[in-house]
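What's in my_file.txt: compact mmCIF, C-alpha atoms
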```txt
# COMPACT_ATOMS: atom_id res chain seq x y z
CA MET Y 1212 -8.24 1.06 -9.05
CA ASP Y 1213 -11.17 3.39 -8.66
CA LYS Y 1214 -13.30 1.25 -6.38
CA GLU Y 1215 -14.43 3.02 -3.27
CA MET Y 1216 -13.96 1.56 0.16
CA ASN Y 1217 -16.47 2.65 2.74
CA SER Y 1218 -16.84 2.74 6.43
CA LYS Y 1219 -19.79 3.76 8.59
CA THR Y 1220 -19.47 6.75 10.85
CA ILE Y 1221 -21.87 8.04 13.51
CA ASP Y 1222 -23.41 10.62 11.16
CA GLY Y 1223 -23.25 8.67 7.88
CA CYS Y 1224 -20.72 6.97 5.65
CA LEU Y 1225 -17.12 7.72 4.77
CA TYR Y 1226 -16.04 6.76 1.25
CA VAL Y 1227 -12.33 6.26 0.54
CA SER Y 1228 -11.16 5.38 -2.97
CA GLU Y 1229 -8.57 2.68 -3.58
CA ASP Y 1230 -6.33 5.35 -5.09
CA VAL Y 1231 -6.26 7.21 -1.76
CA ILE Y 1232 -5.56 3.99 0.16
CA ALA Y 1233 -2.77 3.15 -2.32
CA LYS Y 1234 -1.20 6.61 -1.88
CA VAL Y 1235 -1.19 6.29 1.91
CA ILE Y 1236 0.39 2.82 1.61
CA THR Y 1237 3.00 4.06 -0.90
CA ARG Y 1238 4.04 7.00 1.25
CA ALA Y 1239 4.17 4.83 4.38
CA ALA Y 1240 6.43 2.28 2.67
CA GLU Y 1241 8.70 4.85 1.00
CA ASN Y 1242 9.27 6.67 4.31
CA VAL Y 1243 10.93 3.59 5.83
CA ASP Y 1244 14.73 3.76 6.00
CA GLY Y 1245 16.25 1.28 3.57
CA VAL Y 1246 13.32 1.30 1.13
CA ALA Y 1247 14.07 2.84 -2.28
CA GLY Y 1248 10.46 2.63 -3.46
CA ILE Y 1249 7.51 0.53 -4.53
CA ALA Y 1250 8.22 -1.91 -7.35
CA ARG Y 1251 6.56 -0.87 -10.61
CA SER Y 1252 3.96 -3.04 -12.30
CA PRO Y 1253 4.66 -4.20 -15.84
CA LYS Y 1254 3.08 -1.98 -18.48
CA ASN Y 1255 -0.32 -3.28 -19.47
CA PRO Y 1256 -2.32 -1.41 -22.15
CA LEU Y 1257 -5.67 -2.20 -20.49
CA ARG Y 1258 -4.42 -0.93 -17.13
CA LEU Y 1259 -3.23 2.28 -18.80
CA LEU Y 1260 -6.69 2.81 -20.31
CA PHE Y 1261 -8.80 2.07 -17.25
CA ALA Y 1262 -6.68 2.84 -14.19
CA LYS Y 1263 -6.28 6.38 -12.95
CA GLU Y 1264 -2.79 5.73 -11.59
CA ASN Y 1265 -0.25 2.95 -11.58
CA HIS Y 1266 0.48 2.26 -7.92
CA GLY Y 1267 2.95 -0.50 -8.70
CA LYS Y 1268 3.10 -3.96 -7.21
CA MET Y 1269 0.33 -3.57 -4.68
CA LYS Y 1270 -2.82 -5.52 -3.88
CA ILE Y 1271 -5.49 -4.14 -1.60
CA ARG Y 1272 -8.44 -6.16 -0.33
CA LEU Y 1273 -11.18 -4.96 1.95
CA GLU Y 1274 -13.40 -7.51 3.67
CA GLY Y 1275 -16.01 -5.73 5.73
CA ASP Y 1276 -14.08 -2.96 7.47
CA VAL Y 1277 -10.78 -4.89 7.55
CA LEU Y 1278 -8.00 -4.23 5.04
CA SER Y 1279 -5.36 -6.67 3.78
CA VAL Y 1280 -2.37 -5.37 1.82
CA ALA Y 1281 0.39 -6.96 -0.26
CA VAL Y 1282 3.13 -4.66 -1.50
CA GLY Y 1283 6.34 -5.20 -3.48
CA VAL Y 1284 9.27 -3.00 -2.49
CA ILE Y 1285 12.73 -2.17 -3.76
CA LEU Y 1286 15.44 -2.04 -1.10
CA GLU Y 1287 18.38 0.33 -1.00
CA GLN Y 1288 21.79 -1.29 -1.37
CA GLY Y 1289 23.04 -2.68 1.98
CA SER Y 1290 19.65 -2.65 3.73
CA SER Y 1291 18.48 -5.56 5.86
CA ALA Y 1292 15.53 -7.24 4.11
CA ALA Y 1293 14.00 -8.60 7.32
CA GLU Y 1294 14.29 -5.32 9.21
CA CYS Y 1295 12.92 -3.27 6.30
CA ALA Y 1296 10.00 -5.66 5.80
CA GLU Y 1297 9.05 -5.44 9.48
CA ASN Y 1298 9.32 -1.64 9.42
CA VAL Y 1299 7.24 -1.42 6.23
CA GLN Y 1300 4.54 -3.58 7.81
CA ALA Y 1301 4.43 -1.40 10.92
CA SER Y 1302 4.49 1.86 8.95
CA ILE Y 1303 1.67 0.83 6.60
CA LYS Y 1304 -0.48 -0.46 9.44
CA ASP Y 1305 0.08 2.69 11.50
CA GLN Y 1306 -0.54 5.14 8.65
CA VAL Y 1307 -3.65 3.41 7.24
CA GLN Y 1308 -5.21 3.11 10.68
CA ASN Y 1309 -4.34 6.66 11.78
CA VAL Y 1310 -4.98 8.51 8.51
CA LEU Y 1311 -7.93 6.54 7.12
CA GLY Y 1312 -9.36 4.87 10.21
CA LEU Y 1313 -9.38 1.44 8.55
CA THR Y 1314 -8.37 -1.68 10.46
CA VAL Y 1315 -5.40 -3.47 8.90
CA ALA Y 1316 -5.40 -7.22 9.42
CA ARG Y 1317 -2.39 -8.15 7.32
CA VAL Y 1318 0.49 -6.52 5.46
CA ASN Y 1319 2.55 -8.85 3.25
CA VAL Y 1320 5.82 -7.34 2.04
CA ASN Y 1321 7.60 -8.81 -0.97
CA ILE Y 1322 11.20 -7.73 -1.58
CA LEU Y 1323 11.39 -7.61 -5.38
CA ASP Y 1324 14.63 -5.78 -6.15
CA ILE Y 1325 17.63 -3.90 -4.80
CA ALA Y 1326 18.39 -0.42 -6.11
CA VAL Y 1327 21.87 0.06 -7.55
```
What is this structure when it is put down as C-alpha cells?
Amino acid sequence: MDKEMNSKTIDGCLYVSEDVIAKVITRAAENVDGVAGIARSPKNPLRLLFAKENHGKMKIRLEGDVLSVAVGVILEQGSSAAECAENVQASIKDQVQNVLGLTVARVNVNILDIAV
C-alpha cells in the first residue's frame, strides 16, 4: 500500500500515502467505544514482501478527490453492532476529512469478529 493519493492546494500539490490514510482510518475506528480493533488480513507472502505495513481488512479507493473506505472490525463482547458500525463510519469520515482534508463519500463497515 505505498500508492500516493494527491490533492491540489492553492500553492501546489499535497501528496498523502495510502499508509498514512490507513493509519488515520485505523486510529479513528479503534477509538470508537465497543471496537476492539481492525480485523487482521490473512498472512500472504507476497504482501509481506511488497507492503510496508499490514493494515488489516481495509480497502481504500480514491476517485478524483473523493475517498471510499471499507474496513473490517472486531467488536468488544456485549457491544451493539449497529451502533458501533454507525460510530465507526462517523469517526472515520470526521478524522479523514479533518486530518487529511480528503472528502469521504462512503465508509462500509464489516463486523468480522467479537473479541473474547
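If you measure from each of Y:Val1280, Y:Leu1273, Y:Ala1239, Y:Glu1287 to Val1227 in chain Y using all atoms listed in the file, the closest one turns out to be Y:Leu1273.
For the set Y:Asn1309, Y:Ala1233, Y:Ser1302, Y:Ile1322, the residue with the smallest atom-to-atom gap to Lys1270 in chain Y is Y:Ala1233, counting all atoms listed in the file.
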Correct to one decimal, the distance CA of Glu1229 in chain Y-CA of Lys1268 in chain Y is 13.9 Å
In terms of all atoms listed in the file, the residue from Y:Ala1247, Y:Leu1323, Y:Ala1293, Y:Ile1271 at minimal distance from Val1235 in chain Y is Y:Ile1271
How many Å lie between CA of Val1315 in chain Y and CA of Ala1292 in chain Y, rounded to one decimal?
-> 21.8 Å
Record the distance separating CA of Ser1228 in chain Y and CA of Gly1283 in chain Y, expressed in Å with one decimal.
-> 20.5 Å
If we count only C-alpha atoms and set the cut-off at 8 Å, which residues sit around Asn1321 in chain Y, ignoring sequence neighbours fewer than 3 positions away in its own chain? Please answer as a tab-separated table (two decimals) with C-alpha atoms, in the frame of the given file.
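Okay, result_3.tsv is ready:
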```tsv
chain	number	residue	atom	x	y	z
Y	1281	ALA	CA	0.39	-6.96	-0.26
Y	1282	VAL	CA	3.13	-4.66	-1.50
Y	1283	GLY	CA	6.34	-5.20	-3.48
Y	1284	VAL	CA	9.27	-3.00	-2.49
Y	1296	ALA	CA	10.00	-5.66	5.80
```
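For the choices Y:Ile1325, Y:Cys1224, Y:Val1320, Y:Ile1232, the atom-to-atom distance to Asn1298 in chain Y is smallest for Y:Val1320 when using only C-alpha atoms.
For the choices Y:Val1246, Y:Lys1234, Y:Val1310, Y:Tyr1226, the atom-to-atom distance to Ser1291 in chain Y is smallest for Y:Val1246 when using all atoms listed in the file.
Closest approach to Leu1311 in chain Y among Y:Glu1294, Y:Leu1278, Y:Gly1289, Y:Arg1272: Y:Leu1278, based on only C-alpha atoms.
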Name all residues at most 8 Å from Asp1324 in chain Y (count only C-alpha atoms; drop same-chain ones fewer than 4 positions away) and give them as a PyMOL selection string.
-> chain Y and resi 1250+1284-1286
